[in-house]
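These notes concern the structure reproduced below.
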Amino acid sequence: MSKITEKLNVICKASLTLELLCLAIYLIFCIIFYQERTLFLDNAYQTFLLIQDREIVVNANRWPVVVLRVLPLMVVKLGGSIKLVLMTFSLSYTLFQLAIYFIIRVLNMDKYRSWMLLALMVLPVAHSFYWCNSELITGLSLVVLLVSCIEGERHIYSVILLLILPWVHPLILVLVGFVLAYYFLFHSDYRFRSFFFGVLYIGMTLIKSVFFQNWYDTDKNRILARQIREYAFADHNLDYIFQSAFWPIILFVFICIALCFYFLRYWVLLYYVTTSCAYLLLQDIMIRNYDNVFYHEVSYLLLFLWSVFVIHKIGVILPAKTLKVIGFVLFTIGFTRIFLQGSFYSDRVDWYQDILQDQDRKVITYDKSDYPQLVMEWGSPYESLLISSMDGPSKTIIFAENPSDFITDDPVFVSHFGMIPLDELDQEYFDLKYKSYMIDGNN
């Protein structure tokens with residue numbers, strides 16, 4: 001026993017060095033790529049709302065994530081520049097992760113779940129580092145904290161997290177269910193509490209669904225029910241899973257399966273494969289268009305974390321030197337993928353800046369094949385407004401499949417979600433002058 005303890009201590013010291021290095025690099029990346037992270041779709045829209053409304057807007061009753069917008073809102077209220085607002089918004093996501101890491105590593109003294117969190121933050125991500133606004137990412141980090149609290153027998157904190165998590169993202173139910181069922185099936189000493197925690201989580205989920213309905217979840221549930229009825233197995237194949245962008249996630253899935261075989265954990269293997277296939281089936285039912293890789297990468301982070309959880313529970317212990325080498329290689333690859341992927345999002349900002357030199361209040365006919373860097377057209381009014389307002393006079397353009405729907409001579413700011421009179425825009429940040437919207441299909 002003493003030899004095992006000594007070996008674990010050596011591993012933990014090696015792990016801590018790697019963890020602190022990874023946190024430092026991750027923080028630097030969030031500063032360097034702050035524009036790429038915040039001038040993309042949802043974050044651009046949320047930044048616009050923070051500036052325009054001077055308050056935090058809670059979408060789809062997902063109130064726990066409002067903590068991510070407190071810091072940029074404070075900067076707005078203090079009159080900070082748009083660049084400073086964007087940078088603090090980017091850092092808010094990182095500070096949230098750092099807070100969870102601190103709780104796990106320092107307060108819970110859990111050296112293994114801290115590694116699990118860092119692995120989630122770095123190893124499987126590329127696009128999702130830049131599409132960081134997804135509540136699913138936030139929820140997955142909280143699940144790591146939940147596992148740490150369960151393992152550390154911090155029952156009060158486990159209960160609090162179980163009451164919070166249903167409000168973060170609906171898919172968290174899947175992972176929490178997988179984890180609690182694993183404890184119930186394979187750890188007899190966790191059986192009662194895992195059953196109690198499961199009842200508690202489902203109860204809060206039902207309360208949220210019945211008494212706090214919102215248009216977003218209602219619409220998603222309606223679409224899911226329809227797609228289940230219309231789903232045909234023959235129309236689909238595995239190509240959507242085996243995309244090159246997802247190779248780290250696929251790698252950990254195969255590692256988990258191989259380790260289950262190696263350690264003769266056949267019942268665990270059956271459970272892992274069954275649950276993983278069920279989740280992939282759910283994703284295939286829900287998603288009919290796999291063009292937006294950034295969106296699906298985030299969805300598959302759940303499968304990655306589930307794989308890491310099972311790998312750890314199998315009980316793999318490596319020598320300290322081996323752990324250092326493997327960790328260094330994996331995290332180097334992870335950060336390299338994040339860095340290289342940044343060129344796409346940097347090019348988007350440069351592309352907008354080039355267009356905005358000559359264009360203002362133009363409605364441009366949108367075709368995804370002509371504008372792959374746009375990704376989704378609905379974000380264009382907010383992205384262009386923020387980008388132009390950073391260093392010069394405010395301008396805005398809008399991409400639309402039916403440009404004529406957005407033409408107006410009224411003094412308004414036009415978006416896919418409606419129009420805002422120019423005199424109601426926040427003049428401290430947006431100095432849009434009156435100009436008619438005109439169709440321009442050649443730019």
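Ordered as shown in the structure tokens, chains take letters A, B, and onward, while each chain numbers its residues from 1 and ligands are numbered from 1 in the order shown.
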
Near-Arg229 (chain A) list (12 Å; only C-alpha atoms; drop same-chain fewer than 5 positions) as a list in words: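 Answer for this query is Arg222, Ile223, Leu224, Ile285 and Met286 of chain A.
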
Long-range neighbours of Leu118 (chain A) as a PyMOL selection string, 12 Å cut-off, only C-alpha atoms, 2 positions minimum in chain: chain A and resi 15-16+18-26+94+97-98+100-102+104-105+111-116+120-125+140-141+144-145+305+308+327+330-331+334-335

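Residues in contact with region 68-70 of chain A at 8 Å, where only C-alpha atoms are counted and same-chain residues fewer than 2 positions away are skipped, are listed as Ile56, Val65, Val66, Pro72, Leu73, Met74, Phe89, Ser92, Tyr93 and Phe96 of chain A.
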
Non-local contacts of Pro393 (chain A) (8 Å; only C-alpha atoms; under 5 positions in same chain excluded) as a PyMOL selection string: chain A and resi 388+431-432

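We find CA of Val143 (chain A) and CA of Thr332 (chain A) to be spaced 25.0 Å apart.
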
Distance criterion (only C-alpha atoms): nearest to Arg37 (chain A) out of A:Asp110, A:Asp370, A:Glu377, A:Glu383: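 Of all the options, A:Glu383 lies closest to Arg37 (chain A).
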
Long-range neighbours of Thr38 (chain A) as a VMD selection string, 9 Å cut-off, only C-alpha atoms, 2 positions minimum in chain: chain A and resid 33 to 36 40 to 44 46 to 47 86 to 87 89 to 90 130 to 133

Go ahead and dump the residues you just picked, C-alpha atoms, as a compact mmCIF listing (two decimals), in the first residue's frame.
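To be explicit, this is the file written out as out_23.txt:
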```txt
# COMPACT_ATOMS: atom_id res chain seq x y z
CA PHE A 33 -7.87 35.20 -29.61
CA TYR A 34 -10.39 37.33 -27.73
CA GLN A 35 -11.84 38.84 -30.92
CA GLU A 36 -12.09 35.50 -32.64
CA PHE A 40 -18.66 35.00 -33.76
CA LEU A 41 -22.42 34.45 -33.84
CA ASP A 42 -23.91 34.10 -30.34
CA ASN A 43 -21.19 35.96 -28.47
CA ALA A 44 -21.45 38.89 -30.88
CA GLN A 46 -24.84 38.69 -26.56
CA THR A 47 -22.26 41.51 -26.58
CA LEU A 86 -14.87 41.77 -25.84
CA MET A 87 -11.68 40.82 -24.01
CA PHE A 89 -16.16 38.52 -22.22
CA SER A 90 -13.57 36.09 -23.57
CA TYR A 130 -13.96 29.82 -30.37
CA TRP A 131 -17.67 28.94 -30.10
CA CYS A 132 -17.26 29.06 -26.34
CA ASN A 133 -20.71 30.45 -25.56
```

Polymer residues at most 7 Å from Ser194 (chain A), only C-alpha atoms, same-chain spacing of 6 or more positions, as a VMD selection string: chain A and resid 180 183 to 184

A:Leu117, A:Met109, A:Ile311, A:Leu323 ranked by distance to Arg154 (chain A), top pick (using only C-alpha atoms):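 Using only C-alpha atoms, the shortest distance to Arg154 (chain A) belongs to A:Met109.
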
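Atom pair CA of Ala99 (chain A) / CA of Leu146 (chain A) has a distance of 13.8 Å (rounded to one decimal).
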